[in-house]
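Trainee: See final33.cif below, with mmCIF, C-alpha atoms.
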data_upload
loop_
_atom_site.label_atom_id
_atom_site.label_comp_id
_atom_site.auth_asym_id
_atom_site.auth_seq_id
_atom_site.Cartn_x
_atom_site.Cartn_y
_atom_site.Cartn_z
CA MET A 1 0.00 0.00 0.00
CA SER A 2 1.42 3.34 -1.01
CA THR A 3 1.84 6.04 1.62
CA LEU A 4 1.14 9.70 1.15
CA SER A 5 4.06 12.06 1.14
CA ALA A 6 4.18 14.74 3.83
CA ASN A 7 4.65 17.22 1.00
CA PRO A 8 2.49 15.97 -1.89
CA VAL A 9 3.46 17.12 -5.38
CA PRO A 10 1.08 19.87 -6.48
CA THR A 11 -1.12 19.20 -9.47
CA THR A 12 0.31 21.00 -12.49
CA LEU A 13 -1.75 22.77 -15.14
CA SER A 14 -0.65 20.16 -17.66
CA THR A 15 -1.82 17.32 -15.41
CA THR A 16 -5.20 19.01 -14.98
CA LEU A 17 -5.46 19.46 -18.74
CA VAL A 18 -4.60 15.80 -19.33
CA ALA A 19 -7.43 14.76 -17.03
CA ARG A 20 -9.94 17.11 -18.66
CA LEU A 21 -8.98 16.14 -22.20
CA ARG A 22 -9.00 12.44 -21.30
CA ASP A 23 -12.51 12.84 -19.88
CA SER A 24 -13.66 14.59 -23.05
CA ILE A 25 -12.23 11.78 -25.19
CA MET A 26 -13.64 9.01 -23.00
CA ARG A 27 -17.10 10.61 -22.87
CA GLY A 28 -17.10 10.93 -26.66
CA GLU A 29 -17.24 14.72 -26.61
CA LEU A 30 -14.07 14.63 -28.74
CA LEU A 31 -14.93 12.01 -31.35
CA PRO A 32 -12.54 9.27 -32.56
CA GLY A 33 -10.55 10.49 -35.56
CA SER A 34 -11.53 14.13 -35.08
CA LYS A 35 -8.87 16.80 -35.59
CA LEU A 36 -8.03 18.80 -32.48
CA ASN A 37 -8.10 22.53 -33.11
CA LEU A 38 -5.54 23.97 -30.70
CA ASP A 39 -6.96 27.49 -30.80
CA ARG A 40 -10.43 26.23 -29.90
CA LEU A 41 -9.03 24.05 -27.13
CA ARG A 42 -6.99 26.95 -25.72
CA THR A 43 -10.13 29.08 -25.61
CA ALA A 44 -12.30 26.32 -24.18
CA PHE A 45 -9.85 25.50 -21.37
CA GLY A 46 -8.52 29.03 -20.87
CA VAL A 47 -4.85 28.07 -21.21
CA SER A 48 -1.80 28.98 -23.25
CA LEU A 49 -0.38 26.80 -26.03
CA SER A 50 2.57 25.41 -24.06
CA PRO A 51 0.70 23.42 -21.36
CA LEU A 52 -1.86 22.34 -23.97
CA ARG A 53 0.86 20.84 -26.19
CA GLU A 54 2.43 19.15 -23.19
CA ALA A 55 -0.92 17.62 -22.25
CA LEU A 56 -1.50 16.39 -25.80
CA CYS A 57 1.96 14.82 -25.90
CA ARG A 58 1.15 12.90 -22.71
CA LEU A 59 -2.13 11.71 -24.18
CA GLU A 60 -0.24 10.67 -27.31
CA ASN A 61 1.95 8.46 -25.12
CA ASP A 62 -1.24 6.94 -23.70
CA GLY A 63 -2.50 6.16 -27.19
CA LEU A 64 -5.56 8.43 -26.97
CA VAL A 65 -4.21 11.18 -29.25
CA ALA A 66 -2.21 10.89 -32.49
CA LEU A 67 0.21 13.39 -34.02
CA ILE A 68 -0.60 14.11 -37.69
CA ASP A 69 2.67 14.52 -39.60
CA GLN A 70 3.86 17.32 -37.31
CA ARG A 71 0.85 19.40 -38.39
CA GLY A 72 -1.38 18.86 -35.41
CA TYR A 73 -3.24 16.31 -33.38
CA ARG A 74 -6.35 14.21 -33.69
CA VAL A 75 -8.18 11.82 -31.40
CA THR A 76 -6.92 8.31 -32.13
CA PRO A 77 -9.38 6.59 -34.50
CA VAL A 78 -11.10 3.35 -33.52
CA SER A 79 -10.81 0.18 -35.57
CA ALA A 80 -11.41 -3.55 -35.27
CA GLY A 81 -7.69 -4.21 -35.63
CA ASN A 82 -6.75 -1.80 -32.87
CA LEU A 83 -9.36 -3.27 -30.54
CA THR A 84 -8.10 -6.79 -31.22
CA GLU A 85 -4.59 -5.72 -30.23
CA ILE A 86 -5.84 -4.01 -27.06
CA ILE A 87 -7.80 -7.11 -26.02
CA ARG A 88 -4.82 -9.40 -26.56
CA LEU A 89 -2.44 -7.15 -24.66
CA ARG A 90 -4.90 -6.65 -21.79
CA ILE A 91 -5.30 -10.39 -21.36
CA GLU A 92 -1.56 -11.04 -21.35
CA LEU A 93 -0.48 -8.12 -19.15
CA GLU A 94 -3.39 -8.07 -16.71
CA SER A 95 -3.12 -11.83 -16.22
CA LEU A 96 0.50 -11.35 -15.18
CA ALA A 97 -0.47 -8.44 -12.92
CA VAL A 98 -3.22 -10.53 -11.31
CA LYS A 99 -0.75 -13.33 -10.54
CA GLU A 100 1.68 -10.86 -9.01
CA ALA A 101 -1.05 -9.16 -6.97
CA ILE A 102 -2.27 -12.48 -5.58
CA GLN A 103 1.28 -13.40 -4.61
CA HIS A 104 2.03 -10.12 -2.83
CA GLY A 105 -1.39 -8.91 -1.64
CA ASP A 106 -1.95 -8.61 2.12
CA ILE A 107 -5.07 -8.38 4.28
CA ALA A 108 -5.29 -4.61 3.76
CA TRP A 109 -5.29 -5.18 -0.01
CA GLU A 110 -8.09 -7.75 0.36
CA GLY A 111 -10.12 -5.15 2.25
CA ARG A 112 -9.58 -2.52 -0.42
CA VAL A 113 -10.62 -4.93 -3.17
CA LEU A 114 -13.85 -5.73 -1.33
CA ALA A 115 -14.47 -2.04 -0.60
CA THR A 116 -14.16 -1.04 -4.27
CA LEU A 117 -16.34 -4.00 -5.26
CA HIS A 118 -19.01 -2.83 -2.81
CA GLN A 119 -18.79 0.74 -4.12
CA LEU A 120 -19.18 -0.51 -7.69
CA SER A 121 -22.14 -2.70 -6.73
CA ARG A 122 -23.93 0.34 -5.26
CA CYS A 123 -23.87 2.16 -8.59
CA LYS A 124 -27.13 2.13 -10.53
CA ARG A 125 -27.64 -0.62 -13.09
CA GLY A 126 -29.66 -0.40 -16.30
CA SER A 127 -30.50 2.97 -17.81
CA ARG A 128 -28.36 5.69 -16.26
CA SER A 129 -28.17 9.43 -16.49
CA ALA A 130 -24.87 10.94 -17.67
CA ASP A 131 -23.84 11.61 -14.06
CA GLU A 132 -24.77 8.09 -12.97
CA GLN A 133 -22.82 6.63 -15.87
CA GLU A 134 -19.74 8.66 -14.89
CA ALA A 135 -20.09 7.49 -11.28
CA TRP A 136 -20.15 3.89 -12.51
CA GLU A 137 -17.12 4.49 -14.74
CA THR A 138 -15.17 5.97 -11.83
CA ALA A 139 -16.06 3.05 -9.55
CA HIS A 140 -15.34 0.52 -12.30
CA ARG A 141 -11.88 1.94 -12.94
CA ALA A 142 -11.12 2.04 -9.20
CA PHE A 143 -12.15 -1.62 -8.84
CA HIS A 144 -10.00 -2.89 -11.69
CA GLY A 145 -7.09 -0.77 -10.49
CA GLU A 146 -7.36 -2.10 -6.95
CA LEU A 147 -7.39 -5.71 -8.14
CA ILE A 148 -3.80 -5.36 -9.34
CA SER A 149 -2.62 -2.67 -6.90
CA ALA A 150 -0.62 -5.24 -4.90
CA CYS A 151 1.42 -6.11 -7.98
CA GLN A 152 4.93 -4.90 -7.21
CA MET A 153 5.76 -4.03 -10.82
CA PRO A 154 4.96 -0.32 -11.33
CA LEU A 155 5.61 -0.35 -15.08
CA LEU A 156 3.26 -3.30 -15.51
CA ARG A 157 0.53 -1.51 -13.55
CA GLN A 158 1.07 1.60 -15.70
CA PHE A 159 0.79 -0.40 -18.93
CA CYS A 160 -2.38 -2.06 -17.65
CA ALA A 161 -3.92 1.32 -16.79
CA THR A 162 -3.13 2.68 -20.27
CA LEU A 163 -4.67 -0.36 -21.96
CA HIS A 164 -7.69 -0.16 -19.69
CA ASP A 165 -8.27 3.46 -20.76
CA GLN A 166 -8.09 2.48 -24.42
CA SER A 167 -10.41 -0.48 -23.89
CA ASP A 168 -12.88 1.68 -21.95
CA ARG A 169 -13.12 4.11 -24.85
CA TYR A 170 -14.43 1.32 -27.06
CA ARG A 171 -16.77 0.05 -24.36
CA ARG A 172 -18.26 3.51 -23.88
CA ILE A 173 -18.91 3.78 -27.62
CA PHE A 174 -20.69 0.41 -27.44
CA LEU A 175 -22.78 1.36 -24.41
CA LYS A 176 -24.15 4.48 -26.11
CA LYS A 177 -26.33 2.26 -28.30
CA HIS A 178 -26.38 -1.11 -26.55
CA GLN A 179 -27.20 -2.55 -23.15
CA PRO A 180 -24.86 -5.06 -21.47
CA ASP A 181 -26.02 -8.57 -22.39
CA ARG A 182 -24.78 -10.43 -19.32
CA ASP A 183 -24.43 -10.21 -15.55
CA VAL A 184 -21.28 -8.10 -15.36
CA PRO A 185 -21.65 -7.46 -11.59
CA ALA A 186 -21.52 -11.23 -11.01
CA GLU A 187 -18.31 -11.42 -13.06
CA HIS A 188 -16.75 -8.64 -10.98
CA THR A 189 -17.74 -10.43 -7.75
CA ALA A 190 -16.34 -13.75 -8.95
CA MET A 191 -13.09 -12.10 -10.00
CA ALA A 192 -12.62 -10.29 -6.69
CA HIS A 193 -13.30 -13.38 -4.56
CA ALA A 194 -11.06 -15.60 -6.67
CA MET A 195 -8.23 -13.14 -6.11
CA ILE A 196 -8.57 -12.61 -2.36
CA GLU A 197 -9.03 -16.37 -1.89
CA ARG A 198 -5.76 -16.86 -3.82
CA ARG A 199 -7.35 -19.00 -6.50
CA THR A 200 -4.91 -17.84 -9.16
CA ARG A 201 -6.01 -20.12 -11.98
CA ASP A 202 -9.68 -19.20 -11.50
CA ALA A 203 -8.87 -15.48 -11.27
CA VAL A 204 -6.92 -15.51 -14.54
CA ARG A 205 -9.64 -17.53 -16.29
CA ILE A 206 -12.42 -15.19 -15.12
CA LEU A 207 -10.40 -12.13 -16.14
CA ARG A 208 -9.70 -13.58 -19.59
CA GLU A 209 -13.36 -14.45 -20.17
CA HIS A 210 -14.45 -11.03 -18.88
CA ILE A 211 -12.18 -9.17 -21.30
CA GLU A 212 -12.85 -11.49 -24.25
CA ARG A 213 -16.65 -11.36 -23.95
CA THR A 214 -16.66 -7.59 -23.74
CA GLY A 215 -14.34 -7.45 -26.73
CA ARG A 216 -16.50 -9.76 -28.83
CA ASN A 217 -19.61 -7.70 -28.12
CA ILE A 218 -17.87 -4.48 -29.12
CA GLN A 219 -16.28 -6.05 -32.21
CA ALA A 220 -19.71 -7.17 -33.44
CA ALA A 221 -21.15 -3.67 -33.01
CA LEU A 222 -18.12 -1.63 -34.05
CA PRO A 223 -18.93 -1.19 -37.78
CA ALA A 224 -22.36 0.23 -36.89
CA SER A 225 -20.80 2.51 -34.27
#
Output the structure of this file as structure tokens.

Mentor:
Amino acid sequence: MSTLSANPVPTTLSTTLVARLRDSIMRGELLPGSKLNLDRLRTAFGVSLSPLREALCRLENDGLVALIDQRGYRVTPVSAGNLTEIIRLRIELESLAVKEAIQHGDIAWEGRVLATLHQLSRCKRGSRSADEQEAWETAHRAFHGELISACQMPLLRQFCATLHDQSDRYRRIFLKKHQPDRDVPAEHTAMAHAMIERRTRDAVRILREHIERTGRNIQAALPAS
């Protein structure tokens, strides 16, 4: 479990911009493939060009923004091929992170996993308002992050978080026009309990099936999206 520094690093303007731009991309306010007009973004966010470019460079590293031949930026397009790669990488890397977390997780970690599972389960199911959907997304990301938080490989956790962001972008596109077709809360519960009970093989299998089923659903709907 990480400890807070006595003198926490202040949030920079660039970090704030990264968060706001990421939210706009994830919500679909900035559409996949759309060109990013820097002047409009500067006006919208009330910032100068320098921190905006820095933020876009960081989002480029996360795979959410693409540089167009040194001429500007656009939101990374979506495609079946890109989603297939994301799914494959998520399965491989998150499976490793799950194994590491199970090996190193302590009782405090078990408690945090159950707490984030409970928070996620309290979020409204079915039709949601925009605010309710964002609350679910926040709880969902916290749950998946906590599952692997005991993994003692920081780079691996970082890669998993980046892939999860990219996967979530596709899932959000899917959910705009489709309802989930299975009992996702039950899958989350099964995954959490397999991990805290140290059933490594079951945890990896449930994770793989969870990612693959979501991916198949999105792949089938992607051309229409």

Trainee: Could you pull the residues within 6 Å of stretch 70-79 of chain A, counting all atoms listed in the file, minus those fewer than 4 positions along the same chain, as an MDAnalysis selection string?

Mentor: chainID A and resid 32:36 64:66

Trainee: Between stretch 195-217 of chain A and stretch 111-114 of chain A, at 12 Å or less, what are the per-residue closest atom pairs and their distances in Å? Count all atoms listed in the file, order by chain and rising residue number, and return it as CSV.

Mentor:
residue,atom,partner,partner_atom,distance
A:Met195,CA,A:Val113,CA,9.0
A:Ile196,CA,A:Val113,CA,8.0
A:Glu197,CA,A:Val113,CA,11.6

Trainee: For the file shown, report as a PDB file with C-alpha atoms, in the frame of the given file the outcome of the PyMOL selection byres ((chain A and resi 52-60) around 10) at residue level.

Mentor:
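Result file follows (result.pdb):
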ATOM      1  CA  LEU A  13      -1.750  22.770 -15.140  1.00  0.00           C
ATOM      2  CA  SER A  14      -0.650  20.160 -17.660  1.00  0.00           C
ATOM      3  CA  THR A  15      -1.820  17.320 -15.410  1.00  0.00           C
ATOM      4  CA  THR A  16      -5.200  19.010 -14.980  1.00  0.00           C
ATOM      5  CA  LEU A  17      -5.460  19.460 -18.740  1.00  0.00           C
ATOM      6  CA  VAL A  18      -4.600  15.800 -19.330  1.00  0.00           C
ATOM      7  CA  ALA A  19      -7.430  14.760 -17.030  1.00  0.00           C
ATOM      8  CA  ARG A  20      -9.940  17.110 -18.660  1.00  0.00           C
ATOM      9  CA  LEU A  21      -8.980  16.140 -22.200  1.00  0.00           C
ATOM     10  CA  ARG A  22      -9.000  12.440 -21.300  1.00  0.00           C
ATOM     11  CA  LEU A  36      -8.030  18.800 -32.480  1.00  0.00           C
ATOM     12  CA  LEU A  38      -5.540  23.970 -30.700  1.00  0.00           C
ATOM     13  CA  ASP A  39      -6.960  27.490 -30.800  1.00  0.00           C
ATOM     14  CA  LEU A  41      -9.030  24.050 -27.130  1.00  0.00           C
ATOM     15  CA  ARG A  42      -6.990  26.950 -25.720  1.00  0.00           C
ATOM     16  CA  PHE A  45      -9.850  25.500 -21.370  1.00  0.00           C
ATOM     17  CA  GLY A  46      -8.520  29.030 -20.870  1.00  0.00           C
ATOM     18  CA  VAL A  47      -4.850  28.070 -21.210  1.00  0.00           C
ATOM     19  CA  SER A  48      -1.800  28.980 -23.250  1.00  0.00           C
ATOM     20  CA  LEU A  49      -0.380  26.800 -26.030  1.00  0.00           C
ATOM     21  CA  SER A  50       2.570  25.410 -24.060  1.00  0.00           C
ATOM     22  CA  PRO A  51       0.700  23.420 -21.360  1.00  0.00           C
ATOM     23  CA  ASN A  61       1.950   8.460 -25.120  1.00  0.00           C
ATOM     24  CA  ASP A  62      -1.240   6.940 -23.700  1.00  0.00           C
ATOM     25  CA  GLY A  63      -2.500   6.160 -27.190  1.00  0.00           C
ATOM     26  CA  LEU A  64      -5.560   8.430 -26.970  1.00  0.00           C
ATOM     27  CA  VAL A  65      -4.210  11.180 -29.250  1.00  0.00           C
ATOM     28  CA  ALA A  66      -2.210  10.890 -32.490  1.00  0.00           C
ATOM     29  CA  LEU A  67       0.210  13.390 -34.020  1.00  0.00           C
ATOM     30  CA  GLY A  72      -1.380  18.860 -35.410  1.00  0.00           C
ATOM     31  CA  TYR A  73      -3.240  16.310 -33.380  1.00  0.00           C
ATOM     32  CA  ARG A  74      -6.350  14.210 -33.690  1.00  0.00           C
ATOM     33  CA  VAL A  75      -8.180  11.820 -31.400  1.00  0.00           C
ATOM     34  CA  THR A  76      -6.920   8.310 -32.130  1.00  0.00           C
ATOM     35  CA  THR A 162      -3.130   2.680 -20.270  1.00  0.00           C
TER      36      THR A 162
END

Trainee: Tell me which protein, DNA and RNA residues are within 8 Å of stretch 168-175 of chain A, counting all atoms listed in the file, leaving out same-chain ones fewer than 3 positions away, and put them as a PDB file with C-alpha atoms, keeping the file's coordinate frame.

Mentor:
ATOM      1  CA  ILE A  25     -12.230  11.780 -25.190  1.00  0.00           C
ATOM      2  CA  MET A  26     -13.640   9.010 -23.000  1.00  0.00           C
ATOM      3  CA  ARG A  27     -17.100  10.610 -22.870  1.00  0.00           C
ATOM      4  CA  GLY A  28     -17.100  10.930 -26.660  1.00  0.00           C
ATOM      5  CA  VAL A  78     -11.100   3.350 -33.520  1.00  0.00           C
ATOM      6  CA  LEU A  83      -9.360  -3.270 -30.540  1.00  0.00           C
ATOM      7  CA  HIS A 164      -7.690  -0.160 -19.690  1.00  0.00           C
ATOM      8  CA  ASP A 165      -8.270   3.460 -20.760  1.00  0.00           C
ATOM      9  CA  HIS A 178     -26.380  -1.110 -26.550  1.00  0.00           C
ATOM     10  CA  GLN A 179     -27.200  -2.550 -23.150  1.00  0.00           C
ATOM     11  CA  PRO A 180     -24.860  -5.060 -21.470  1.00  0.00           C
ATOM     12  CA  THR A 214     -16.660  -7.590 -23.740  1.00  0.00           C
ATOM     13  CA  ILE A 218     -17.870  -4.480 -29.120  1.00  0.00           C
ATOM     14  CA  ALA A 221     -21.150  -3.670 -33.010  1.00  0.00           C
ATOM     15  CA  LEU A 222     -18.120  -1.630 -34.050  1.00  0.00           C
ATOM     16  CA  SER A 225     -20.800   2.510 -34.270  1.00  0.00           C
TER      17      SER A 225
END

Trainee: Could you tell me, as a PyMOL selection string, exactly which residues end up selected when the PyMOL selection byres ((chain A and resi 108) around 12) is applied to this structure?

Mentor: chain A and resi 1-2+104-107+109-115+146+149-150+196

Trainee: Neighbouring residues of stretch 136-145 of chain A were defined as those with any atom within 8 Å, considering all atoms listed in the file; residues of the same chain fewer than 4 positions away were excluded. Please report them as a count of residues only.

Mentor: 10

Trainee: Do you have the atom CA of A:Gly215-atom CA of A:Ile86 distance handy?

Mentor: 9.2 Å

Trainee: Atom CA of A:Cys160 and atom CA of A:Glu94, how far apart in Å?

Mentor: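 According to the coordinates, atom CA of A:Glu94 and atom CA of A:Cys160 are separated by 6.2 Å.
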
Trainee: If I take atom CA of A:Ser129 and atom CA of A:Ile148, how far is one from the other in Å, to one decimal?

Mentor: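 For atom CA of A:Ser129 relative to atom CA of A:Ile148, the distance reads 29.4 Å.
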
Trainee: So which one's closest to A:Thr84, A:Thr43, A:Thr200, A:Ser24, A:Gln166? Using all atoms listed in the file, please.

Mentor: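 Ranked by minimum distance to A:Thr84, first place goes to A:Gln166.
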